[in-house]
Amino acid sequence: MSETDSIIFDTAQRIFEDLSTAEVINAAEDGQWPDELWQAIEEAGLALTWIPEVNGGVGASLMDGFAVIKAAGAAALPVPLAESLLAGWLLAKAGLEVGTDPMTIVLPEQAGDLVWNGERLSGTVSAVPHARSVRRLVVVVNGEGGQVLVVDPAQTRIESKRNLAGEPWDTVTFDGVEPLEQARLPADTDLDRARAAAALMRCVQAAGALGTALELTIQYAMERVQFGRPIAKFQALQHSVAAFAGEVAAINAAADAAAEAMARNNAVDGEAWIEIAAAKTRLEEAVNEGAAVAHQVHGAMGFTYEHRLHHLTRRLWAWRDEYGSDVYWSRILGQEVLNWGADQLWPRITAVSDPR
Amino acid sequence: MSASRFRFPHVEMPEVAVQLRAEVREFLAEERASGGFVPMADCWASAMSPEYSRKVGQRGWLGMTWDKQYGGHGRSFLERYVVTEEMLAAGAPVMAHWIADRQSGPQIIKNAQPHVRDQIIPRIVAGDCFCAIGMSEPNTGSDLASVSTKAEKVEGGWRVNGTKLWSTGAHGCDYMITLLRTAPPDAKARHEGLSQFIIDLKSPGVQIRGIADIGGQVHFNETQFEDVFVPDDYVLGEVGQGWQMVVGELALERSGPERFLSSFIVLQEAMRVLVTNPSDKTREVLGQLVAKIKTLRRMSLGIAGLLEEGSSPEMEAALVKDVATRFEREMLEKLRSILPAHILAASNGLLPTLLREGILRVPSSTLRGGTNEVLKGMIARQLGMR
């Protein structure tokens, strides 16, 4: 990372540490928008990390943006920063201006869920993160390639729903809405690729969140005394936590590999597609094993709403399924592997490290 | 991107390594086509072929990273990584030279007397001299500090008595790098009083007895030493520094590609069957396995990259070994779940043979080089829990 870049990351970490506290996260789950947190994010320009300077952004690298997203996941950030980054990236790709207001992405699971006739947008999309709290909805539809539409949420009907982490996960209905802005995406981006980028965003957030869950677990095991000694001294527990550490290491490696692949050509190209499929597939076991150990070590204490562990584990359980579960992505990757065939399997695996 | 306790940086292979990869692939394809080898599961610990190892040596692919002044090839860790991963992926019979090339050679270069080094290293590089590890013992297992085979000082050298166990390939090796007790055990300082020796396995008093594994194959051994004389100049490093040396040696061997690729060939050969009428379950399993292999390779290669830079990421290396060796078992079991019954129950053919061998070898993955339980204890220590 260059000097400027690490400033972005350090700033993000400092803001998240100060302002994404357990109280703020709980209040957000109760429907209270964390104004102070978003203002700090806005003032630091974090939501503009991925926007080129000509479009009014910071012009930092894609990897710096991913570092911010990982830190956001590590802090269980209760605001749509990752979504705003991805929305901004899509807008910049389409050559549109980006502001500092919170935004979210509307990426229908089925392309047919939305109808865009060139002037007006109709249809219903469920599972939209934070729709109720943002100023702009960034919608991707297919048709003459990918199109980006910027919609004012006030022009839509929003039904408040939640994912299993209690994060806003709303249903949005567009009744022939005229978008505020509209532009065509370049040939390297369409709805499927935008959804893949969103899947990657979740992997990177999860890598951060699982890392925090591990740290909390180690810390708790050192502090909690049972049978006359800290429970960290019991071998059975040491072995569980060591396996957990392996999962944290693995998902960080997988998420980093996918993020780098997307950063290489600033697009979800064929290689990034494979890396994202691999990372989202790998995420399931990391979350499943890691969250299980985190809760087992924390005992009944970690099972209470009062303890902050659930801010992480519930998000992990939600994120592994969002924008394609491991079953969905493993089938995609499996089909790619079948297309390679036996003799190309190994060459395709090594191609990742060999310059093209 | 940082913000993580563990670091596995992306490695981009230098152009020279990519060219090398092409050469190695060509060599392997020719060898396999001409019957130079039949692919084997768990090839680095079960497929011994001195002829093959000599050919590898002739190609300049042994002792690759060792300094030219000692007879090595002065190439990078990444180039060596390419050669080793290509051979593993092909299921090539690399066992004869594996230990010498991976850990004994570096140990000898670093710690042996110059004339001993000059006598052994060029032969290892030529694929003419193989080494075994003499660490464990009948009552030692993974608790290396408890070794009791002892070396007593005598005129001009040392007299060795005791038994070493589980030395992979010792029956085909020239030397054993042996951890011996040179001072009586001290319960308060368990890691002291140990020294490493280079023992010529042709010395009088050395008896090697092959031990059949559960598949009936002899890959490891019991080596008995009865009044074996080892000259003074065959001590490695300082007397009493054996523990430190062994710890460093083990750290070096933990994260290599052999921890997750030892039976990769089984997956590759299974693919020939699986491409026909694949079910969604087949897609899912292949997706999961390839996702894991890609992740493990990123981790393992990331460590090689850090070693190249001169860091020693011990924590990461230990994590790779634990995650990777558990994957080796999972891979074969998952493959079983999607392969047709007639393949699983077949008595001959390349794939059924590979599968059978692989399954019979798999318990060893999480034992060799120290059990995963011991490894997890070390990880816990590094996490600050012990």
# chains A, B, ... in the order shown; residues from 1 in each chain; ligands from 1
$ closest_atom_pairs --of "chain A" --to "chain B" --cutoff "8 Å" --atoms "only C-alpha atoms" --output "CSV"
residue,atom,partner,partner_atom,distance
A:Met1,CA,B:Met1,CA,7.7
A:Met63,CA,B:Met1,CA,6.2
A:Asp64,CA,B:Met1,CA,6.7
A:Phe66,CA,B:Met1,CA,6.9
A:Ala67,CA,B:Met1,CA,4.9
A:Lys70,CA,B:Ala3,CA,7.3
A:Ala71,CA,B:Ala3,CA,6.6
A:Gly208,CA,B:Ser4,CA,7.3
A:Gly211,CA,B:Ser4,CA,6.7
A:Ile218,CA,B:Met385,CA,7.2
A:Ala221,CA,B:Met385,CA,7.8
A:Met222,CA,B:Met385,CA,6.7
A:Ala232,CA,B:Met385,CA,5.4
A:Lys233,CA,B:Arg386,CA,6.1
A:Gln235,CA,B:Gly377,CA,7.4
A:Gln238,CA,B:Ala380,CA,5.5
A:His239,CA,B:Lys376,CA,5.4
A:Val241,CA,B:Ala380,CA,7.2
A:Ala242,CA,B:Lys376,CA,5.5
A:Ala243,CA,B:Lys376,CA,7.4
A:Ala245,CA,B:Leu319,CA,7.4
A:Gly246,CA,B:Leu319,CA,5.3
A:Glu247,CA,B:Val323,CA,7.8
A:Ala249,CA,B:Phe6,CA,5.8
A:Ala250,CA,B:Thr295,CA,6.4
A:Ile251,CA,B:Thr295,CA,7.9
A:Asn252,CA,B:Ser4,CA,7.5
A:Ala253,CA,B:Phe8,CA,6.2
A:Ala254,CA,B:Thr295,CA,5.3
A:Asp256,CA,B:Met1,CA,7.1
A:Ala257,CA,B:His10,CA,7.1
A:Ala277,CA,B:Ala291,CA,7.8
A:Ala278,CA,B:Ala291,CA,4.3
A:Ala279,CA,B:Ala291,CA,6.8
A:Thr281,CA,B:Gln288,CA,6.3
A:Arg282,CA,B:Ala291,CA,6.1
A:Val327,CA,B:Glu284,CA,6.4
A:Trp329,CA,B:Gly287,CA,7.7
A:Ser330,CA,B:Gly287,CA,4.3
A:Arg331,CA,B:Glu284,CA,4.7
A:Ile332,CA,B:Gly287,CA,7.3
A:Leu333,CA,B:Gly287,CA,4.8
A:Gly334,CA,B:Gly287,CA,4.0
A:Gln335,CA,B:Arg283,CA,5.7
A:Val337,CA,B:Leu286,CA,7.1
A:Leu338,CA,B:Val275,CA,5.7
A:Gly341,CA,B:Met271,CA,6.6
A:Ala342,CA,B:Met271,CA,5.0
A:Asp343,CA,B:Gln268,CA,7.4
A:Leu345,CA,B:Gln268,CA,7.0
A:Trp346,CA,B:Ala89,CA,7.3
A:Ile349,CA,B:Lys294,CA,6.5
A:Ser353,CA,B:Glu12,CA,4.8
A:Asp354,CA,B:Met13,CA,5.2
A:Pro355,CA,B:Glu12,CA,6.5
$ select_by_dssp --residues "segment 55-234 of chain B" --states "alpha helix (DSSP H)" --output "MDAnalysis selection string"
chainID B and resid 55:58 77:89 95:99 105:111 114:125
$ select_by_dssp --residues "segment 78-267 of chain B" --states "strand (DSSP E)" --output "ChimeraX atom specification"
/B:131-134,150-154,157-165,175-181,194-200,206-212,218-231,235-236
$ atom_distance --atom1 "atom CA of Asp190 of chain A" --atom2 "atom CA of Leu96 of chain A"
16.0 Å
$ residues_around --residues "Glu181 of chain A" --least-positions-apart "4" --cutoff "9 Å" --atoms "only C-alpha atoms" --output "PyMOL selection string"
chain A and resi 96+148-151
$ write_last_selection --atoms "N, CA and C atoms" --output "short mmCIF file (atom, residue, chain, number, x, y, z; two decimals), in the first residue's frame"
data_model
loop_
_atom_site.label_atom_id
_atom_site.label_comp_id
_atom_site.auth_asym_id
_atom_site.auth_seq_id
_atom_site.Cartn_x
_atom_site.Cartn_y
_atom_site.Cartn_z
N LEU A 96 -21.14 8.13 -14.68
CA LEU A 96 -22.05 9.04 -13.98
C LEU A 96 -21.38 9.66 -12.76
N VAL A 148 -27.20 1.09 -16.02
CA VAL A 148 -27.29 1.56 -14.64
C VAL A 148 -28.36 2.65 -14.59
N LEU A 149 -29.27 2.50 -13.62
CA LEU A 149 -30.31 3.51 -13.44
C LEU A 149 -30.20 4.02 -12.02
N VAL A 150 -30.24 5.35 -11.87
CA VAL A 150 -30.23 5.92 -10.52
C VAL A 150 -31.66 6.34 -10.19
N VAL A 151 -32.19 5.77 -9.10
CA VAL A 151 -33.59 6.01 -8.77
C VAL A 151 -33.68 6.66 -7.39
#
$ closest_residue --among "B:Leu344, B:Ala41, B:Val154, B:Leu236" --to "Glu258 of chain B" --atoms "only C-alpha atoms"
B:Ala41
$ atom_distance --atom1 "atom CA of Val106 of chain A" --atom2 "atom CA of Ser61 of chain A"
23.9 Å
$ residues_around --residues "Arg264 of chain A" --least-positions-apart "3" --cutoff "12 Å" --atoms "only C-alpha atoms" --output "MDAnalysis selection string"
chainID A and resid 61:63 257:261 267:272 352 355:356
$ atom_distance --atom1 "atom CA of Trp319 of chain A" --atom2 "atom CA of Asp10 of chain A"
24.7 Å
$ closest_residue --among "A:Gly73, A:Gly299, A:Gly56, A:Gly146" --to "Ala213 of chain A" --atoms "only C-alpha atoms"
A:Gly73
$ residues_around --residues "Gly248 of chain B" --least-positions-apart "6" --cutoff "12 Å" --atoms "only C-alpha atoms" --output "compact mmCIF listing (two decimals) with C-alpha atoms, in the first residue's frame"
# COMPACT_ATOMS: atom_id res chain seq x y z
CA GLN B 103 15.36 -30.26 4.29
CA SER B 104 18.53 -32.33 4.68
CA PRO B 106 19.73 -26.98 3.46
CA GLN B 107 20.60 -28.29 6.92
CA LYS B 110 24.08 -24.45 6.89
CA GLN B 241 22.04 -27.23 19.52
CA GLY B 242 19.99 -30.09 18.04
CA ARG B 254 5.24 -27.36 6.95
CA SER B 312 9.75 -16.58 8.35
CA PRO B 313 5.98 -16.78 8.73
CA GLU B 314 5.86 -19.69 11.19
CA ALA B 317 3.02 -22.17 7.84
$ decode --residues "segment 11-42 of chain A" --atoms "N, CA and C atoms" --output "mmCIF file, in the first residue's frame"
data_model
loop_
_atom_site.group_PDB
_atom_site.id
_atom_site.type_symbol
_atom_site.label_atom_id
_atom_site.label_comp_id
_atom_site.auth_asym_id
_atom_site.auth_seq_id
_atom_site.Cartn_x
_atom_site.Cartn_y
_atom_site.Cartn_z
ATOM 1 N N THR A 11 -7.685 5.667 8.594
ATOM 2 C CA THR A 11 -8.811 6.543 8.915
ATOM 3 C C THR A 11 -10.076 5.713 9.112
ATOM 4 N N ALA A 12 -10.300 4.804 8.181
ATOM 5 C CA ALA A 12 -11.495 3.956 8.267
ATOM 6 C C ALA A 12 -11.509 3.206 9.589
ATOM 7 N N GLN A 13 -10.394 2.580 9.914
ATOM 8 C CA GLN A 13 -10.344 1.783 11.140
ATOM 9 C C GLN A 13 -10.628 2.630 12.372
ATOM 10 N N ARG A 14 -10.057 3.840 12.380
ATOM 11 C CA ARG A 14 -10.236 4.723 13.538
ATOM 12 C C ARG A 14 -11.707 5.119 13.684
ATOM 13 N N ILE A 15 -12.312 5.510 12.567
ATOM 14 C CA ILE A 15 -13.729 5.918 12.609
ATOM 15 C C ILE A 15 -14.601 4.750 13.071
ATOM 16 N N PHE A 16 -14.345 3.572 12.522
ATOM 17 C CA PHE A 16 -15.189 2.418 12.857
ATOM 18 C C PHE A 16 -15.048 2.068 14.329
ATOM 19 N N GLU A 17 -13.808 2.127 14.813
ATOM 20 C CA GLU A 17 -13.563 1.773 16.203
ATOM 21 C C GLU A 17 -14.302 2.733 17.140
ATOM 22 N N ASP A 18 -14.234 4.036 16.803
ATOM 23 C CA ASP A 18 -14.851 5.041 17.676
ATOM 24 C C ASP A 18 -16.372 5.029 17.585
ATOM 25 N N LEU A 19 -16.888 4.833 16.379
ATOM 26 C CA LEU A 19 -18.307 5.136 16.173
ATOM 27 C C LEU A 19 -19.191 3.943 15.837
ATOM 28 N N SER A 20 -18.584 2.777 15.539
ATOM 29 C CA SER A 20 -19.417 1.601 15.297
ATOM 30 C C SER A 20 -19.393 0.746 16.566
ATOM 31 N N THR A 21 -19.907 1.317 17.648
ATOM 32 C CA THR A 21 -19.868 0.617 18.935
ATOM 33 C C THR A 21 -21.048 -0.343 19.034
ATOM 34 N N ALA A 22 -21.002 -1.183 20.058
ATOM 35 C CA ALA A 22 -22.092 -2.147 20.265
ATOM 36 C C ALA A 22 -23.430 -1.423 20.393
ATOM 37 N N GLU A 23 -23.440 -0.290 21.096
ATOM 38 C CA GLU A 23 -24.692 0.452 21.287
ATOM 39 C C GLU A 23 -25.214 0.957 19.941
ATOM 40 N N VAL A 24 -24.296 1.486 19.135
ATOM 41 C CA VAL A 24 -24.700 2.024 17.828
ATOM 42 C C VAL A 24 -25.257 0.907 16.942
ATOM 43 N N ILE A 25 -24.620 -0.242 16.983
ATOM 44 C CA ILE A 25 -25.063 -1.366 16.137
ATOM 45 C C ILE A 25 -26.439 -1.858 16.605
ATOM 46 N N ASN A 26 -26.620 -1.960 17.914
ATOM 47 C CA ASN A 26 -27.925 -2.377 18.433
ATOM 48 C C ASN A 26 -29.008 -1.360 18.088
ATOM 49 N N ALA A 27 -28.677 -0.068 18.235
ATOM 50 C CA ALA A 27 -29.659 0.970 17.932
ATOM 51 C C ALA A 27 -30.033 0.919 16.454
ATOM 52 N N ALA A 28 -29.042 0.659 15.607
ATOM 53 C CA ALA A 28 -29.310 0.570 14.171
ATOM 54 C C ALA A 28 -30.269 -0.586 13.892
ATOM 55 N N GLU A 29 -30.088 -1.676 14.618
ATOM 56 C CA GLU A 29 -30.999 -2.806 14.417
ATOM 57 C C GLU A 29 -32.423 -2.435 14.841
ATOM 58 N N ASP A 30 -32.510 -1.514 15.816
ATOM 59 C CA ASP A 30 -33.832 -1.036 16.242
ATOM 60 C C ASP A 30 -34.375 0.046 15.313
ATOM 61 N N GLY A 31 -33.653 0.338 14.252
ATOM 62 C CA GLY A 31 -34.172 1.270 13.268
ATOM 63 C C GLY A 31 -33.621 2.685 13.361
ATOM 64 N N GLN A 32 -32.601 2.875 14.193
ATOM 65 C CA GLN A 32 -32.056 4.225 14.357
ATOM 66 C C GLN A 32 -30.816 4.412 13.466
ATOM 67 N N TRP A 33 -30.929 5.283 12.499
ATOM 68 C CA TRP A 33 -29.825 5.530 11.571
ATOM 69 C C TRP A 33 -28.641 6.167 12.309
ATOM 70 N N PRO A 34 -27.446 5.601 12.229
ATOM 71 C CA PRO A 34 -26.290 6.148 12.964
ATOM 72 C C PRO A 34 -25.695 7.357 12.253
ATOM 73 N N ASP A 35 -26.304 8.463 12.515
ATOM 74 C CA ASP A 35 -25.975 9.686 11.789
ATOM 75 C C ASP A 35 -24.517 10.105 11.955
ATOM 76 N N GLU A 36 -24.068 10.046 13.217
ATOM 77 C CA GLU A 36 -22.707 10.495 13.503
ATOM 78 C C GLU A 36 -21.683 9.651 12.748
ATOM 79 N N LEU A 37 -21.933 8.350 12.726
ATOM 80 C CA LEU A 37 -21.030 7.415 12.019
ATOM 81 C C LEU A 37 -20.993 7.740 10.533
ATOM 82 N N TRP A 38 -22.192 7.919 9.920
ATOM 83 C CA TRP A 38 -22.175 8.179 8.477
ATOM 84 C C TRP A 38 -21.531 9.524 8.171
ATOM 85 N N GLN A 39 -21.778 10.525 9.051
ATOM 86 C CA GLN A 39 -21.158 11.836 8.804
ATOM 87 C C GLN A 39 -19.639 11.740 8.810
ATOM 88 N N ALA A 40 -19.127 10.963 9.755
ATOM 89 C CA ALA A 40 -17.667 10.800 9.816
ATOM 90 C C ALA A 40 -17.162 10.113 8.550
ATOM 91 N N ILE A 41 -17.919 9.132 8.089
ATOM 92 C CA ILE A 41 -17.552 8.412 6.857
ATOM 93 C C ILE A 41 -17.570 9.374 5.670
ATOM 94 N N GLU A 42 -18.618 10.208 5.644
ATOM 95 C CA GLU A 42 -18.762 11.165 4.554
ATOM 96 C C GLU A 42 -17.628 12.184 4.557
#
